[in-house]
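Novice: File model-v5.pdb follows (PDB, C-alpha atoms):
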ATOM      1  CA  MET A   1     -52.872  -9.938 132.483  1.00  0.00           C
ATOM      2  CA  THR A   2     -50.843 -13.030 133.305  1.00  0.00           C
ATOM      3  CA  THR A   3     -47.113 -12.309 133.115  1.00  0.00           C
ATOM      4  CA  ALA A   4     -43.948 -14.342 132.725  1.00  0.00           C
ATOM      5  CA  LYS A   5     -43.284 -13.846 136.425  1.00  0.00           C
ATOM      6  CA  ASP A   6     -46.680 -15.397 137.245  1.00  0.00           C
ATOM      7  CA  ILE A   7     -45.930 -18.669 135.435  1.00  0.00           C
ATOM      8  CA  MET A   8     -42.156 -19.075 135.875  1.00  0.00           C
ATOM      9  CA  HIS A   9     -40.294 -21.364 138.226  1.00  0.00           C
ATOM     10  CA  GLU A  10     -38.605 -19.116 140.766  1.00  0.00           C
ATOM     11  CA  GLY A  11     -35.109 -19.569 142.041  1.00  0.00           C
ATOM     12  CA  ALA A  12     -33.435 -20.422 138.757  1.00  0.00           C
ATOM     13  CA  GLN A  13     -29.672 -20.517 139.011  1.00  0.00           C
ATOM     14  CA  TRP A  14     -27.134 -19.733 136.346  1.00  0.00           C
ATOM     15  CA  ILE A  15     -23.625 -21.054 135.957  1.00  0.00           C
ATOM     16  CA  PRO A  16     -20.583 -19.130 134.761  1.00  0.00           C
ATOM     17  CA  LYS A  17     -19.401 -19.858 131.241  1.00  0.00           C
ATOM     18  CA  THR A  18     -16.151 -21.166 132.741  1.00  0.00           C
ATOM     19  CA  GLU A  19     -17.969 -23.946 134.644  1.00  0.00           C
ATOM     20  CA  THR A  20     -17.034 -27.459 133.573  1.00  0.00           C
ATOM     21  CA  LEU A  21     -19.743 -29.591 132.033  1.00  0.00           C
ATOM     22  CA  LEU A  22     -19.187 -32.178 134.759  1.00  0.00           C
ATOM     23  CA  ASN A  23     -20.008 -29.569 137.414  1.00  0.00           C
ATOM     24  CA  ALA A  24     -22.941 -28.340 135.346  1.00  0.00           C
ATOM     25  CA  ALA A  25     -24.337 -31.875 135.096  1.00  0.00           C
ATOM     26  CA  GLN A  26     -23.945 -32.349 138.845  1.00  0.00           C
ATOM     27  CA  ARG A  27     -25.734 -29.055 139.488  1.00  0.00           C
ATOM     28  CA  MET A  28     -28.587 -30.122 137.181  1.00  0.00           C
ATOM     29  CA  ARG A  29     -28.834 -33.401 139.093  1.00  0.00           C
ATOM     30  CA  ASP A  30     -28.859 -31.641 142.467  1.00  0.00           C
ATOM     31  CA  LEU A  31     -31.442 -29.066 141.360  1.00  0.00           C
ATOM     32  CA  HIS A  32     -33.582 -31.623 139.468  1.00  0.00           C
ATOM     33  CA  VAL A  33     -33.481 -29.534 136.303  1.00  0.00           C
ATOM     34  CA  GLY A  34     -32.580 -30.277 132.708  1.00  0.00           C
ATOM     35  CA  ALA A  35     -31.169 -26.886 131.753  1.00  0.00           C
ATOM     36  CA  LEU A  36     -29.077 -24.100 133.204  1.00  0.00           C
ATOM     37  CA  PRO A  37     -28.644 -20.543 131.986  1.00  0.00           C
ATOM     38  CA  VAL A  38     -25.008 -19.603 131.366  1.00  0.00           C
ATOM     39  CA  ALA A  39     -23.636 -16.185 132.298  1.00  0.00           C
ATOM     40  CA  ASP A  40     -20.538 -14.317 131.184  1.00  0.00           C
ATOM     41  CA  ASP A  41     -18.009 -12.584 133.449  1.00  0.00           C
ATOM     42  CA  ASN A  42     -20.416  -9.643 133.897  1.00  0.00           C
ATOM     43  CA  GLU A  43     -23.265 -11.942 134.982  1.00  0.00           C
ATOM     44  CA  ARG A  44     -25.067 -11.378 131.681  1.00  0.00           C
ATOM     45  CA  LEU A  45     -26.902 -14.222 130.007  1.00  0.00           C
ATOM     46  CA  CYS A  46     -24.839 -15.740 127.195  1.00  0.00           C
ATOM     47  CA  GLY A  47     -26.808 -18.944 126.617  1.00  0.00           C
ATOM     48  CA  ILE A  48     -28.393 -22.062 128.051  1.00  0.00           C
ATOM     49  CA  ILE A  49     -27.039 -25.586 128.250  1.00  0.00           C
ATOM     50  CA  THR A  50     -29.175 -28.673 128.648  1.00  0.00           C
ATOM     51  CA  ASP A  51     -28.490 -32.156 129.900  1.00  0.00           C
ATOM     52  CA  ARG A  52     -28.953 -33.312 126.311  1.00  0.00           C
ATOM     53  CA  ASP A  53     -26.331 -30.810 125.104  1.00  0.00           C
ATOM     54  CA  ILE A  54     -23.814 -32.316 127.530  1.00  0.00           C
ATOM     55  CA  VAL A  55     -24.541 -35.850 126.379  1.00  0.00           C
ATOM     56  CA  VAL A  56     -24.749 -35.216 122.636  1.00  0.00           C
ATOM     57  CA  LYS A  57     -22.143 -32.479 122.160  1.00  0.00           C
ATOM     58  CA  CYS A  58     -19.604 -33.584 124.759  1.00  0.00           C
ATOM     59  CA  VAL A  59     -19.861 -37.156 125.987  1.00  0.00           C
ATOM     60  CA  ALA A  60     -21.021 -38.745 122.716  1.00  0.00           C
ATOM     61  CA  GLU A  61     -18.227 -36.944 120.868  1.00  0.00           C
ATOM     62  CA  GLY A  62     -15.641 -38.457 123.233  1.00  0.00           C
ATOM     63  CA  HIS A  63     -14.795 -35.230 125.054  1.00  0.00           C
ATOM     64  CA  ASP A  64     -13.966 -35.044 128.752  1.00  0.00           C
ATOM     65  CA  ALA A  65     -16.799 -33.327 130.656  1.00  0.00           C
ATOM     66  CA  SER A  66     -14.341 -32.374 133.396  1.00  0.00           C
ATOM     67  CA  ARG A  67     -12.336 -30.341 130.857  1.00  0.00           C
ATOM     68  CA  CYS A  68     -15.057 -28.903 128.599  1.00  0.00           C
ATOM     69  CA  THR A  69     -16.824 -25.769 129.792  1.00  0.00           C
ATOM     70  CA  ALA A  70     -20.279 -24.303 129.375  1.00  0.00           C
ATOM     71  CA  ALA A  71     -18.752 -21.754 126.988  1.00  0.00           C
ATOM     72  CA  ASP A  72     -17.834 -24.646 124.675  1.00  0.00           C
ATOM     73  CA  LEU A  73     -21.545 -25.418 124.166  1.00  0.00           C
ATOM     74  CA  VAL A  74     -23.371 -22.091 124.087  1.00  0.00           C
ATOM     75  CA  GLN A  75     -24.008 -20.663 120.631  1.00  0.00           C
ATOM     76  CA  GLY A  76     -25.992 -17.898 119.032  1.00  0.00           C
ATOM     77  CA  THR A  77     -28.056 -15.189 120.647  1.00  0.00           C
ATOM     78  CA  PRO A  78     -29.562 -16.187 123.983  1.00  0.00           C
ATOM     79  CA  ARG A  79     -33.335 -15.883 124.163  1.00  0.00           C
ATOM     80  CA  TRP A  80     -34.999 -14.543 127.303  1.00  0.00           C
ATOM     81  CA  VAL A  81     -38.096 -12.694 128.400  1.00  0.00           C
ATOM     82  CA  ASP A  82     -38.722  -9.829 130.792  1.00  0.00           C
ATOM     83  CA  ALA A  83     -40.562 -10.727 134.000  1.00  0.00           C
ATOM     84  CA  ASN A  84     -43.409  -8.384 133.036  1.00  0.00           C
ATOM     85  CA  ALA A  85     -43.914  -9.864 129.565  1.00  0.00           C
ATOM     86  CA  SER A  86     -47.367 -11.254 128.875  1.00  0.00           C
ATOM     87  CA  VAL A  87     -47.937 -14.967 128.335  1.00  0.00           C
ATOM     88  CA  GLU A  88     -48.622 -14.086 124.700  1.00  0.00           C
ATOM     89  CA  GLU A  89     -45.133 -12.550 124.435  1.00  0.00           C
ATOM     90  CA  VAL A  90     -43.645 -15.659 126.063  1.00  0.00           C
ATOM     91  CA  VAL A  91     -45.478 -17.871 123.546  1.00  0.00           C
ATOM     92  CA  GLU A  92     -44.232 -15.734 120.658  1.00  0.00           C
ATOM     93  CA  GLU A  93     -40.611 -15.782 121.863  1.00  0.00           C
ATOM     94  CA  MET A  94     -40.580 -19.537 122.438  1.00  0.00           C
ATOM     95  CA  GLY A  95     -42.489 -20.341 119.260  1.00  0.00           C
ATOM     96  CA  SER A  96     -40.590 -18.098 116.888  1.00  0.00           C
ATOM     97  CA  HIS A  97     -37.206 -19.302 118.136  1.00  0.00           C
ATOM     98  CA  HIS A  98     -38.171 -22.956 118.768  1.00  0.00           C
ATOM     99  CA  VAL A  99     -36.986 -22.889 122.384  1.00  0.00           C
ATOM    100  CA  ARG A 100     -38.409 -25.064 125.132  1.00  0.00           C
ATOM    101  CA  ARG A 101     -36.998 -23.150 128.081  1.00  0.00           C
ATOM    102  CA  LEU A 102     -36.816 -19.421 128.554  1.00  0.00           C
ATOM    103  CA  PRO A 103     -34.950 -17.503 131.263  1.00  0.00           C
ATOM    104  CA  VAL A 104     -36.931 -14.728 132.928  1.00  0.00           C
ATOM    105  CA  ILE A 105     -35.013 -11.520 133.586  1.00  0.00           C
ATOM    106  CA  GLU A 106     -35.948  -8.671 135.923  1.00  0.00           C
ATOM    107  CA  ASN A 107     -33.727  -5.622 136.422  1.00  0.00           C
ATOM    108  CA  LYS A 108     -30.977  -7.360 134.423  1.00  0.00           C
ATOM    109  CA  ARG A 109     -30.990 -10.359 136.794  1.00  0.00           C
ATOM    110  CA  LEU A 110     -32.185 -13.930 136.351  1.00  0.00           C
ATOM    111  CA  VAL A 111     -35.312 -14.472 138.465  1.00  0.00           C
ATOM    112  CA  GLY A 112     -36.781 -17.644 136.984  1.00  0.00           C
ATOM    113  CA  MET A 113     -37.225 -20.061 134.104  1.00  0.00           C
ATOM    114  CA  ILE A 114     -40.257 -20.922 132.006  1.00  0.00           C
ATOM    115  CA  SER A 115     -40.601 -24.328 130.373  1.00  0.00           C
ATOM    116  CA  GLU A 116     -43.017 -25.375 127.662  1.00  0.00           C
ATOM    117  CA  ALA A 117     -44.992 -27.202 130.362  1.00  0.00           C
ATOM    118  CA  ASP A 118     -45.408 -23.938 132.302  1.00  0.00           C
ATOM    119  CA  VAL A 119     -46.797 -22.252 129.203  1.00  0.00           C
ATOM    120  CA  ALA A 120     -49.093 -25.159 128.362  1.00  0.00           C
ATOM    121  CA  ARG A 121     -50.531 -25.124 131.888  1.00  0.00           C
ATOM    122  CA  ASN A 122     -51.416 -21.459 131.461  1.00  0.00           C
ATOM    123  CA  LEU A 123     -52.842 -21.452 127.942  1.00  0.00           C
ATOM    124  CA  PRO A 124     -56.437 -22.219 127.100  1.00  0.00           C
ATOM    125  CA  GLU A 125     -56.676 -25.804 125.865  1.00  0.00           C
ATOM    126  CA  ASP A 126     -57.425 -24.751 122.299  1.00  0.00           C
ATOM    127  CA  GLN A 127     -54.107 -22.840 122.140  1.00  0.00           C
ATOM    128  CA  VAL A 128     -51.831 -25.560 123.550  1.00  0.00           C
ATOM    129  CA  HIS A 129     -51.676 -27.510 120.256  1.00  0.00           C
ATOM    130  CA  ALA A 130     -50.750 -24.420 118.228  1.00  0.00           C
ATOM    131  CA  PHE A 131     -48.066 -23.494 120.755  1.00  0.00           C
ATOM    132  CA  ALA A 132     -46.561 -27.005 120.801  1.00  0.00           C
ATOM    133  CA  SER A 133     -46.633 -27.183 117.005  1.00  0.00           C
ATOM    134  CA  ARG A 134     -44.571 -23.996 116.773  1.00  0.00           C
ATOM    135  CA  VAL A 135     -42.035 -24.915 119.445  1.00  0.00           C
ATOM    136  CA  TYR A 136     -41.469 -28.433 118.127  1.00  0.00           C
ATOM    137  CA  ALA A 137     -41.536 -27.537 114.428  1.00  0.00           C
ATOM    138  CA  THR A 138     -38.272 -27.985 112.589  1.00  0.00           C
ATOM    139  CA  PRO A 139     -36.631 -24.575 112.380  1.00  0.00           C
ATOM    140  CA  PRO A 140     -35.791 -23.330 108.905  1.00  0.00           C
ATOM    141  CA  GLN A 141     -32.234 -24.103 107.745  1.00  0.00           C
ATOM    142  CA  THR A 142     -30.019 -21.048 107.395  1.00  0.00           C
TER     143      THR A 142
END
What would the structure in this file look like if it were written as structure tokens?

Specialist:
Amino acid sequence: MTTAKDIMHEGAQWIPKTETLLNAAQRMRDLHVGALPVADDNERLCGIITDRDIVVKCVAEGHDASRCTAADLVQGTPRWVDANASVEEVVEEMGSHHVRRLPVIENKRLVGMISEADVARNLPEDQVHAFASRVYATPPQT
């Protein structure tokens, strides 16, 4: 069985919720990533911020990225997957919650990240379309 740990990018790094968005953007640039998990004071996952979040929810709104923090952007329940989860469980988690990136947790610690590209590379070709359709579908309005 292929697991989340088998397909993830290792070495993912989180930022504290108190980190400024300017520092977060610089970290994304330096790491060549488009998203960073955000942790609370107890090093527990409290969300994910993306480069797009910083642009759309901070910069485009006229806010100062050197004063806004990651905590200002994270909302809702963070989605994640256990390192031993099957690819099918990863697909279900990403598809049902319309998320494109998923932190991988092992022993309550961040060990990697899975992107939709990682999943697509590991699905049979006939399943890639169904997966992409679920992830990119417009979520129901609540």

Novice: Could you list, as a PDB file with C-alpha atoms, keeping the file's coordinate frame, every residue matched by the PyMOL selection byres ((chain A and resi 13-24) around 8) in this structure?

Specialist:
ATOM      1  CA  GLY A  11     -35.109 -19.569 142.041  1.00  0.00           C
ATOM      2  CA  ALA A  12     -33.435 -20.422 138.757  1.00  0.00           C
ATOM      3  CA  ALA A  25     -24.337 -31.875 135.096  1.00  0.00           C
ATOM      4  CA  GLN A  26     -23.945 -32.349 138.845  1.00  0.00           C
ATOM      5  CA  ARG A  27     -25.734 -29.055 139.488  1.00  0.00           C
ATOM      6  CA  MET A  28     -28.587 -30.122 137.181  1.00  0.00           C
ATOM      7  CA  LEU A  36     -29.077 -24.100 133.204  1.00  0.00           C
ATOM      8  CA  PRO A  37     -28.644 -20.543 131.986  1.00  0.00           C
ATOM      9  CA  VAL A  38     -25.008 -19.603 131.366  1.00  0.00           C
ATOM     10  CA  ALA A  39     -23.636 -16.185 132.298  1.00  0.00           C
ATOM     11  CA  ASP A  40     -20.538 -14.317 131.184  1.00  0.00           C
ATOM     12  CA  ASP A  41     -18.009 -12.584 133.449  1.00  0.00           C
ATOM     13  CA  GLU A  43     -23.265 -11.942 134.982  1.00  0.00           C
ATOM     14  CA  CYS A  46     -24.839 -15.740 127.195  1.00  0.00           C
ATOM     15  CA  ILE A  54     -23.814 -32.316 127.530  1.00  0.00           C
ATOM     16  CA  ALA A  65     -16.799 -33.327 130.656  1.00  0.00           C
ATOM     17  CA  SER A  66     -14.341 -32.374 133.396  1.00  0.00           C
ATOM     18  CA  ARG A  67     -12.336 -30.341 130.857  1.00  0.00           C
ATOM     19  CA  CYS A  68     -15.057 -28.903 128.599  1.00  0.00           C
ATOM     20  CA  THR A  69     -16.824 -25.769 129.792  1.00  0.00           C
ATOM     21  CA  ALA A  70     -20.279 -24.303 129.375  1.00  0.00           C
ATOM     22  CA  ALA A  71     -18.752 -21.754 126.988  1.00  0.00           C
ATOM     23  CA  LEU A 110     -32.185 -13.930 136.351  1.00  0.00           C
ATOM     24  CA  GLY A 112     -36.781 -17.644 136.984  1.00  0.00           C
TER      25      GLY A 112
END

Novice: Can you measure atom CA of Thr3 of chain A to atom CA of Ala137 of chain A for me? One decimal in Å is fine.

Specialist: 24.7 Å

Novice: Using the chain letters and residue numbers of this document, give as a ChimeraX atom specification the residues selected by the PyMOL selection byres ((chain A and resi 2) around 7).

Specialist: /A:1,3,6,86-87

Novice: Could you tell me how far atom CA of Gly95 of chain A sits from atom CA of Ala132 of chain A, in Å to one decimal place?

Specialist: 8.0 Å

Novice: Restricting the calculation to only C-alpha atoms, which member of A:Cys58, A:Val119, A:Asp51, A:Val135 is positioned closest to Arg29 of chain A?

Specialist: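 Smallest distance to Arg29 of chain A is found for A:Asp51.
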
Novice: Taking the file as I've supplied it (selection: the PyMOL selection byres ((chain A and resi 93) around 12)), which residues are included? Please answer as a ChimeraX atom specification.

Specialist: /A:4,78-82,85-92,94-104,114,116,119,131,134-135
